[in-house]
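Peer 1: Here you go, upload-v1.tsv (TSV, C-alpha atoms):
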chain	number	residue	atom	x	y	z
A	430	MET	CA	-22.10	2.80	-14.36
A	431	ARG	CA	-19.76	0.26	-15.93
A	432	ARG	CA	-21.66	0.48	-19.22
A	433	ALA	CA	-21.34	4.27	-19.20
A	434	ILE	CA	-17.60	4.05	-18.56
A	435	LYS	CA	-17.26	1.43	-21.28
A	436	ARG	CA	-19.10	3.65	-23.76
A	437	ILE	CA	-16.87	6.59	-22.87
A	438	LEU	CA	-13.72	4.51	-23.31
A	439	LEU	CA	-14.95	3.10	-26.62
A	440	GLY	CA	-15.83	6.59	-27.83
A	441	ALA	CA	-12.46	7.98	-26.77
A	442	GLY	CA	-10.72	5.06	-28.48
A	443	ALA	CA	-12.67	5.64	-31.68
A	444	ILE	CA	-11.82	9.35	-31.68
A	445	LEU	CA	-8.14	8.57	-31.08
A	446	ALA	CA	-8.15	6.03	-33.91
A	447	ILE	CA	-9.74	8.57	-36.26
A	448	LEU	CA	-7.15	11.20	-35.31
A	449	LEU	CA	-4.28	8.76	-35.84
A	450	LEU	CA	-5.63	7.69	-39.23
A	451	THR	CA	-6.11	11.32	-40.23
A	452	PHE	CA	-2.56	12.17	-39.19
A	453	ALA	CA	-1.21	9.14	-41.07
A	454	GLY	CA	-3.13	10.23	-44.16
A	455	LEU	CA	-1.72	13.75	-43.95
A	456	ILE	CA	1.80	12.31	-43.67
A	457	ALA	CA	1.34	9.97	-46.62
A	458	TRP	CA	-0.44	12.56	-48.83
A	459	PRO	CA	0.62	16.04	-47.68
A	460	MET	CA	0.62	17.65	-51.13
A	461	PRO	CA	-2.93	19.12	-50.90
A	462	LEU	CA	-1.76	21.28	-47.98
A	463	PHE	CA	1.25	22.62	-49.91
A	464	GLY	CA	0.05	24.58	-52.89
A	465	PHE	CA	3.36	25.55	-54.51
A	466	SER	CA	5.97	23.18	-55.91
A	467	LEU	CA	9.04	22.86	-58.11
A	468	ALA	CA	10.75	19.72	-59.35
A	469	ALA	CA	14.06	18.80	-60.93
A	470	GLY	CA	15.54	15.36	-61.36
A	471	LYS	CA	14.30	13.13	-58.56
A	472	ILE	CA	13.50	15.90	-56.08
A	473	VAL	CA	10.17	17.67	-55.61
A	474	VAL	CA	10.06	20.59	-53.20
A	475	ALA	CA	6.62	21.82	-52.12
A	476	SER	CA	5.76	24.78	-49.92
A	477	ASP	CA	2.76	26.47	-48.38
A	478	ARG	CA	4.08	29.77	-49.77
A	479	PRO	CA	5.28	30.72	-53.27
A	480	ILE	CA	8.73	29.41	-54.17
A	481	PRO	CA	10.95	31.95	-55.96
A	482	ALA	CA	12.23	30.45	-59.17
A	483	VAL	CA	15.91	31.26	-58.70
A	484	GLY	CA	16.12	30.17	-55.07
A	485	GLY	CA	13.99	27.09	-55.68
A	486	ASP	CA	16.06	25.99	-58.66
A	487	ARG	CA	19.26	26.51	-56.67
A	488	LEU	CA	17.95	24.35	-53.83
A	489	LEU	CA	16.97	21.55	-56.19
A	490	ARG	CA	20.32	21.68	-57.97
A	491	ASP	CA	22.45	21.79	-54.81
A	492	CYS	CA	20.45	19.18	-52.93
A	493	GLY	CA	20.49	16.87	-55.95
A	494	ARG	CA	24.26	17.22	-56.25
A	495	LEU	CA	24.76	16.34	-52.58
A	496	LEU	CA	22.61	13.24	-52.92
A	497	GLN	CA	24.46	12.16	-56.08
A	498	ARG	CA	27.82	12.09	-54.28
A	499	SER	CA	26.38	10.00	-51.43
A	500	PRO	CA	27.81	6.51	-50.94
A	501	LEU	CA	24.18	5.36	-50.64
A	502	ALA	CA	22.34	5.30	-53.96
A	503	ALA	CA	18.96	7.05	-54.16
A	504	GLU	CA	16.91	4.53	-56.11
A	505	SER	CA	13.35	5.88	-55.99
A	506	ARG	CA	11.79	7.78	-58.85
A	507	GLN	CA	11.05	10.85	-56.71
A	508	TYR	CA	11.75	12.27	-53.27
A	509	HIS	CA	9.44	14.86	-51.71
A	510	LEU	CA	10.45	17.72	-49.44
A	511	TYR	CA	7.75	19.88	-47.85
A	512	VAL	CA	8.35	23.32	-46.34
A	513	ALA	CA	5.90	24.15	-43.54
A	514	ASN	CA	6.27	27.91	-43.09
A	515	ASP	CA	2.85	28.58	-41.57
A	516	ASP	CA	2.61	27.99	-37.85
A	517	TRP	CA	-0.32	25.57	-37.91
A	518	ARG	CA	1.32	23.37	-40.56
A	519	HIS	CA	4.52	23.37	-38.58
A	520	ARG	CA	2.66	22.35	-35.42
A	521	LEU	CA	0.92	19.55	-37.31
A	522	TYR	CA	3.86	17.99	-39.13
A	523	PHE	CA	6.40	18.55	-36.37
A	524	LEU	CA	4.18	17.12	-33.65
A	525	PRO	CA	6.71	14.38	-32.72
A	526	ASN	CA	9.53	16.95	-32.36
A	527	PRO	CA	8.42	20.61	-32.37
A	528	GLN	CA	11.99	21.90	-31.90
A	529	ALA	CA	13.41	20.21	-35.00
A	530	GLY	CA	14.39	22.11	-38.11
A	531	GLY	CA	13.77	19.06	-40.26
A	532	LEU	CA	11.77	15.89	-39.76
A	533	THR	CA	11.39	12.74	-41.86
A	534	TYR	CA	8.67	10.11	-41.92
A	535	TYR	CA	9.49	6.79	-43.56
A	536	TYR	CA	6.61	4.32	-43.68
A	537	GLY	CA	7.83	1.49	-45.89
A	538	LEU	CA	6.07	2.36	-49.13
A	539	GLY	CA	7.80	5.72	-49.28
A	540	GLY	CA	8.57	8.70	-47.14
A	541	ALA	CA	8.22	12.44	-46.80
A	542	ALA	CA	10.63	15.02	-45.41
A	543	PHE	CA	9.55	18.31	-43.83
A	544	LEU	CA	11.40	21.54	-43.08
A	545	SER	CA	10.30	24.11	-40.52
A	546	GLY	CA	10.50	27.04	-42.95
A	547	ALA	CA	12.69	28.41	-45.70
A	548	ASP	CA	14.17	31.58	-47.13
A	549	PHE	CA	14.76	30.32	-50.65
A	550	ASP	CA	16.46	33.51	-51.82
A	551	SER	CA	19.23	33.26	-49.23
A	552	GLY	CA	19.24	29.46	-49.19
A	553	ARG	CA	18.65	29.26	-45.44
A	554	LEU	CA	16.36	27.27	-43.18
A	555	VAL	CA	14.06	29.30	-40.93
A	556	LYS	CA	12.89	27.93	-37.57
A	557	SER	CA	10.70	30.03	-35.29
A	558	GLY	CA	12.17	33.18	-36.79
A	559	TYR	CA	15.77	31.97	-36.45
A	560	VAL	CA	17.78	31.69	-39.66
A	561	THR	CA	20.35	28.90	-39.53
A	562	PRO	CA	23.89	29.81	-40.60
A	563	PRO	CA	26.20	27.82	-42.90
A	564	PRO	CA	27.19	25.04	-43.18
A	565	ARG	CA	23.60	24.07	-42.36
A	566	THR	CA	22.15	25.63	-45.50
A	567	LEU	CA	18.76	24.86	-47.01
A	568	ALA	CA	20.44	22.34	-49.33
A	569	TYR	CA	22.09	20.76	-46.28
A	570	PHE	CA	18.74	20.20	-44.57
A	571	CYS	CA	17.22	18.93	-47.81
A	572	ALA	CA	19.98	16.36	-48.36
A	573	HIS	CA	20.10	15.40	-44.68
A	574	GLU	CA	16.38	14.63	-44.42
A	575	LEU	CA	16.14	12.91	-47.80
A	576	THR	CA	19.10	10.71	-46.86
A	577	HIS	CA	16.96	9.33	-44.04
A	578	ILE	CA	14.40	8.26	-46.64
A	579	VAL	CA	17.08	6.71	-48.85
A	580	THR	CA	18.41	4.84	-45.81
A	581	GLY	CA	14.91	3.56	-45.07
A	582	GLU	CA	14.60	2.30	-48.64
A	583	HIS	CA	17.73	0.20	-48.19
A	584	LEU	CA	16.90	-1.14	-44.72
A	585	GLY	CA	13.12	-1.11	-44.41
A	586	VAL	CA	11.20	0.32	-41.46
A	587	ILE	CA	12.45	-2.20	-38.89
A	588	GLY	CA	16.04	-1.95	-40.07
A	589	LEU	CA	15.89	1.84	-39.90
A	590	LEU	CA	14.55	1.72	-36.35
A	591	ARG	CA	17.34	-0.66	-35.32
A	592	LEU	CA	20.08	1.42	-36.90
A	593	PRO	CA	22.43	2.98	-34.31
A	594	GLU	CA	21.84	6.71	-34.01
A	595	TRP	CA	25.42	7.57	-34.85
A	596	VAL	CA	25.06	5.80	-38.20
A	597	ARG	CA	21.61	7.19	-39.01
A	598	GLU	CA	22.44	10.82	-38.22
A	599	GLY	CA	26.14	10.64	-39.02
A	600	LEU	CA	25.57	9.31	-42.53
A	601	ALA	CA	22.92	11.98	-43.19
A	602	ASP	CA	25.38	14.66	-42.08
A	603	TYR	CA	28.19	13.06	-44.10
A	604	VAL	CA	26.06	13.35	-47.22
A	605	ALA	CA	24.66	16.80	-46.51
A	606	ILE	CA	27.77	18.81	-45.59
A	607	GLU	CA	28.86	20.81	-48.64
A	608	ASN	CA	32.57	21.14	-47.80
A	609	ARG	CA	33.17	17.73	-46.27
A	610	GLN	CA	36.34	17.53	-44.19
A	611	SER	CA	38.48	14.41	-44.28
A	612	PHE	CA	38.52	12.18	-41.22
A	613	GLU	CA	41.86	13.64	-40.09
A	614	GLN	CA	40.72	17.23	-40.57
A	615	LEU	CA	37.50	16.69	-38.65
A	616	ARG	CA	39.22	14.71	-35.86
A	617	ASP	CA	41.84	17.42	-35.37
A	618	ALA	CA	39.20	20.14	-35.38
A	619	LEU	CA	36.84	18.46	-32.92
A	620	GLY	CA	39.32	16.88	-30.57
A	621	GLU	CA	37.65	15.51	-27.45
A	622	ARG	CA	35.41	18.51	-26.90
A	623	PRO	CA	31.73	17.87	-26.13
A	624	VAL	CA	29.33	18.85	-28.88
A	625	ASP	CA	27.83	22.28	-28.24
A	626	ALA	CA	25.90	24.90	-30.22
A	627	ALA	CA	29.04	26.69	-31.40
A	628	MET	CA	30.51	23.43	-32.73
A	629	MET	CA	27.26	22.57	-34.54
A	630	GLN	CA	27.21	26.00	-36.22
A	631	VAL	CA	30.62	25.28	-37.72
A	632	TYR	CA	30.57	21.54	-38.34
A	633	GLY	CA	26.90	20.59	-38.80
A	634	ALA	CA	24.22	19.16	-36.57
A	635	TYR	CA	26.01	15.88	-35.73
A	636	PRO	CA	29.77	16.47	-35.95
A	637	GLN	CA	30.80	13.62	-33.67
A	638	TYR	CA	28.58	11.14	-35.50
A	639	ARG	CA	29.92	12.38	-38.84
A	640	LEU	CA	33.44	11.88	-37.50
A	641	LEU	CA	32.63	8.24	-36.74
A	642	VAL	CA	31.07	7.68	-40.17
A	643	SER	CA	34.13	9.29	-41.79
A	644	TYR	CA	36.39	6.99	-39.76
A	645	PHE	CA	34.68	3.77	-40.78
A	646	LEU	CA	34.17	4.73	-44.43
A	647	GLU	CA	37.51	6.44	-45.05
A	648	LYS	CA	39.97	4.86	-42.60
A	649	LYS	CA	38.57	1.38	-42.07
A	650	ARG	CA	37.37	1.21	-45.69
A	651	TRP	CA	33.98	-0.15	-44.73
A	652	SER	CA	31.41	-0.39	-47.48
A	653	VAL	CA	28.19	1.51	-46.93
A	654	ASP	CA	26.45	-1.85	-46.46
A	655	GLN	CA	28.84	-2.72	-43.64
A	656	LEU	CA	28.07	0.64	-42.06
A	657	LEU	CA	24.31	0.12	-42.32
A	658	ASN	CA	24.54	-3.37	-40.84
A	659	THR	CA	26.73	-2.58	-37.86
A	660	ARG	CA	25.34	-2.95	-34.36
A	661	LEU	CA	28.12	-0.99	-32.70
A	662	GLY	CA	26.82	1.54	-30.21
A	663	THR	CA	28.22	5.07	-30.08
A	664	ASP	CA	30.59	4.33	-27.17
A	665	GLU	CA	31.86	1.16	-28.84
A	666	ALA	CA	32.47	2.96	-32.13
A	667	LEU	CA	34.27	5.80	-30.35
A	668	ALA	CA	36.44	3.33	-28.43
A	669	LEU	CA	37.50	1.61	-31.67
A	670	MET	CA	38.33	4.94	-33.27
A	671	ARG	CA	40.34	6.15	-30.29
A	672	ALA	CA	42.23	2.87	-29.99
A	673	ASP	CA	43.25	3.18	-33.63
A	674	ARG	CA	45.07	6.42	-32.94
Please go through the file and, once you have read it, give me the structure as structure tokens.

Peer 2:
Amino acid sequence: MRRAIKRILLGAGAILAILLLTFAGLIAWPMPLFGFSLAAGKIVVASDRPIPAVGGDRLLRDCGRLLQRSPLAAESRQYHLYVANDDWRHRLYFLPNPQAGGLTYYYGLGGAAFLSGADFDSGRLVKSGYVTPPPRTLAYFCAHELTHIVTGEHLGVIGLLRLPEWVREGLADYVAIENRQSFEQLRDALGERPVDAAMMQVYGAYPQYRLLVSYFLEKKRWSVDQLLNTRLGTDEALALMRADR
């Protein structure tokens, strides 16, 4: 009986290991599952459906411009963005977070960013039939997710995992927002209101985190390296910002 149980456990473990290795391989080399691609500068966008030339070129141009104005330099030769329109691809690549519009995997030797779907002609992200409104445009999601990869390049896998959430997501939003408000403008607009769906539709996915990043970069004059090396939690960072008022 014990031998039978042991064989079952070993078999289950082997199957699980195979599945994990297969998933890791599909993350590291997703291109075979995305048959259409365009490239410009450092950015390659690939999709499981044809990419219209005008919309695709606009995405590459706008996303590249957002990354160029980032305080964090993008040093790799290329950055890959994959658009998983088809349901089964979306289920596969968004397995860790099925509700996300964008998801990034950084594994030390590189990284890959995925979007849940795209309407290239209108420049909008599509998620389960929902089309996201500005300011979260397709270029916004592109720059946001690729910024996570750039951050990983500067910090490494362990450093990225240790990074406070408000820095990781706030910096990505700071880079990705097209019409970036100053710290004072964003503070006055947000006030002390809790973040809700209506606020996110106007100010991006992480408005409070972007406010904190704006405070430390613009008001405290932190370098981006200081920001990436802070260990301040969200509540501590908020307390410092509020005390400064």

Peer 1: Would you list the contacts of segment 509-512 of chain A as a ChimeraX atom specification, taking every protein, DNA or RNA residue within 10 Å and counting all atoms listed in the file, but skipping same-chain residues closer than 5 positions in sequence?

Peer 2: /A:459-460,462-463,465-466,468,471-478,480,518-519,522,531-533,539-547,554-555,570-572,574-575,578

Peer 1: Excluding Arg639 of chain A and any residue of its chain fewer than 4 positions from it, enumerate the residues within 8 Å of it, using only C-alpha atoms, and give them as a list in words.

Peer 2: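 So, after excluding close chain neighbours, the residues are Trp595, Glu598, Gly599, Leu600, Asp602, Tyr603, Tyr635 and Ser643 of chain A.
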
Peer 1: For Ala626 of chain A, which residue out of A:Gly493, A:Pro562, A:Asn608, A:Lys556 is the nearest one, using only C-alpha atoms?

Peer 2: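 Looking only at the distances to Ala626 of chain A, the closest residue turns out to be A:Pro562.
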
Peer 1: What is the atom CA of Asn514 of chain A-atom CA of Val631 of chain A distance in Å, reported with one decimal?

Peer 2: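 The value is 25.1 Å.
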
Peer 1: Please report the interatomic distance between atom CA of Pro623 of chain A and atom CA of Gly662 of chain A in Å with one decimal.

Peer 2: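 Separation between atom CA of Pro623 of chain A and atom CA of Gly662 of chain A: 17.5 Å.
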
Peer 1: For Tyr569 of chain A, list every protein, DNA or RNA residue within 9 Å, evaluated using all atoms listed in the file, and leave out those in the same chain fewer than 6 positions away; present the list as a list in words.

Peer 2: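 Once the adjacent positions are removed, what remains is Asp491, Cys492, Leu495, Pro563, Asp602, Val604, Ala605, Ile606, Glu607 and Gly633 of chain A.
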
Peer 1: Given all atoms listed in the file as the basis, pick out the residue of A:Phe549, A:Glu582, A:Thr663, A:Gly530 nearest to Arg506 of chain A.

Peer 2: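 Of A:Phe549, A:Glu582, A:Thr663, A:Gly530, the one nearest Arg506 of chain A is A:Glu582, counting all atoms listed in the file.
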
Peer 1: Do you have the atom CA of Ala502 of chain A-atom CA of Arg650 of chain A distance handy?

Peer 2: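 Computing the Euclidean distance for atom CA of Ala502 of chain A and atom CA of Arg650 of chain A yields 17.6 Å.
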
Peer 1: Pick out the closest residue to Ala469 of chain A from this set: A:Ser551, A:Ser611, A:Gln507, A:Ser499. Count only C-alpha atoms.

Peer 2: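 Of A:Ser551, A:Ser611, A:Gln507, A:Ser499, the one nearest Ala469 of chain A is A:Gln507, counting only C-alpha atoms.
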
Peer 1: Can you work out which one of A:Ala568, A:Ala503, A:Ala529, A:Leu467 has the shortest atom-to-atom distance to Ala482 of chain A, counting only C-alpha atoms?

Peer 2: A:Leu467

Peer 1: To test the calculation: enclose all listed atoms of segment 600-618 of chain A in a box whose edges run along x, y and z, add 5 Å on each side, then state centre and edge lengths in Å to one decimal, as lines of an AutoDock Vina configuration file.

Peer 2:
center_x = 32.4
center_y = 15.2
center_z = -42.0
size_x = 28.9
size_y = 21.8
size_z = 23.3

Peer 1: With only C-alpha atoms as the atoms that count, which of A:Val483, A:Met628, A:Ala513, A:Ala634 lies nearest to His573 of chain A?

Peer 2: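 Ranked by minimum distance to His573 of chain A, first place goes to A:Ala634.
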
Peer 1: Which residue, A:Arg520, A:Lys649, A:Arg622, A:Gln655, has the smallest gap to Asp673 of chain A when you use only C-alpha atoms?

Peer 2: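 The closest residue to Asp673 of chain A is A:Lys649.
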
Peer 1: Every residue with an atom at most 9 Å from (26.1, 0.9, -42.3) (file coordinates; all atoms listed in the file) is what I'm after, so could you write them as a PyMOL selection string?

Peer 2: chain A and resi 592+596-597+600+642+651-660

Peer 1: Write the selection just made, keeping C-alpha atoms, as a PDB file, in the coordinates of the input?

Peer 2:
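And here is the file that came out, selection38.pdb:
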ATOM      1  CA  LEU A 592      20.080   1.420 -36.900  1.00  0.00           C
ATOM      2  CA  VAL A 596      25.060   5.800 -38.200  1.00  0.00           C
ATOM      3  CA  ARG A 597      21.610   7.190 -39.010  1.00  0.00           C
ATOM      4  CA  LEU A 600      25.570   9.310 -42.530  1.00  0.00           C
ATOM      5  CA  VAL A 642      31.070   7.680 -40.170  1.00  0.00           C
ATOM      6  CA  TRP A 651      33.980  -0.150 -44.730  1.00  0.00           C
ATOM      7  CA  SER A 652      31.410  -0.390 -47.480  1.00  0.00           C
ATOM      8  CA  VAL A 653      28.190   1.510 -46.930  1.00  0.00           C
ATOM      9  CA  ASP A 654      26.450  -1.850 -46.460  1.00  0.00           C
ATOM     10  CA  GLN A 655      28.840  -2.720 -43.640  1.00  0.00           C
ATOM     11  CA  LEU A 656      28.070   0.640 -42.060  1.00  0.00           C
ATOM     12  CA  LEU A 657      24.310   0.120 -42.320  1.00  0.00           C
ATOM     13  CA  ASN A 658      24.540  -3.370 -40.840  1.00  0.00           C
ATOM     14  CA  THR A 659      26.730  -2.580 -37.860  1.00  0.00           C
ATOM     15  CA  ARG A 660      25.340  -2.950 -34.360  1.00  0.00           C
TER      16      ARG A 660
END
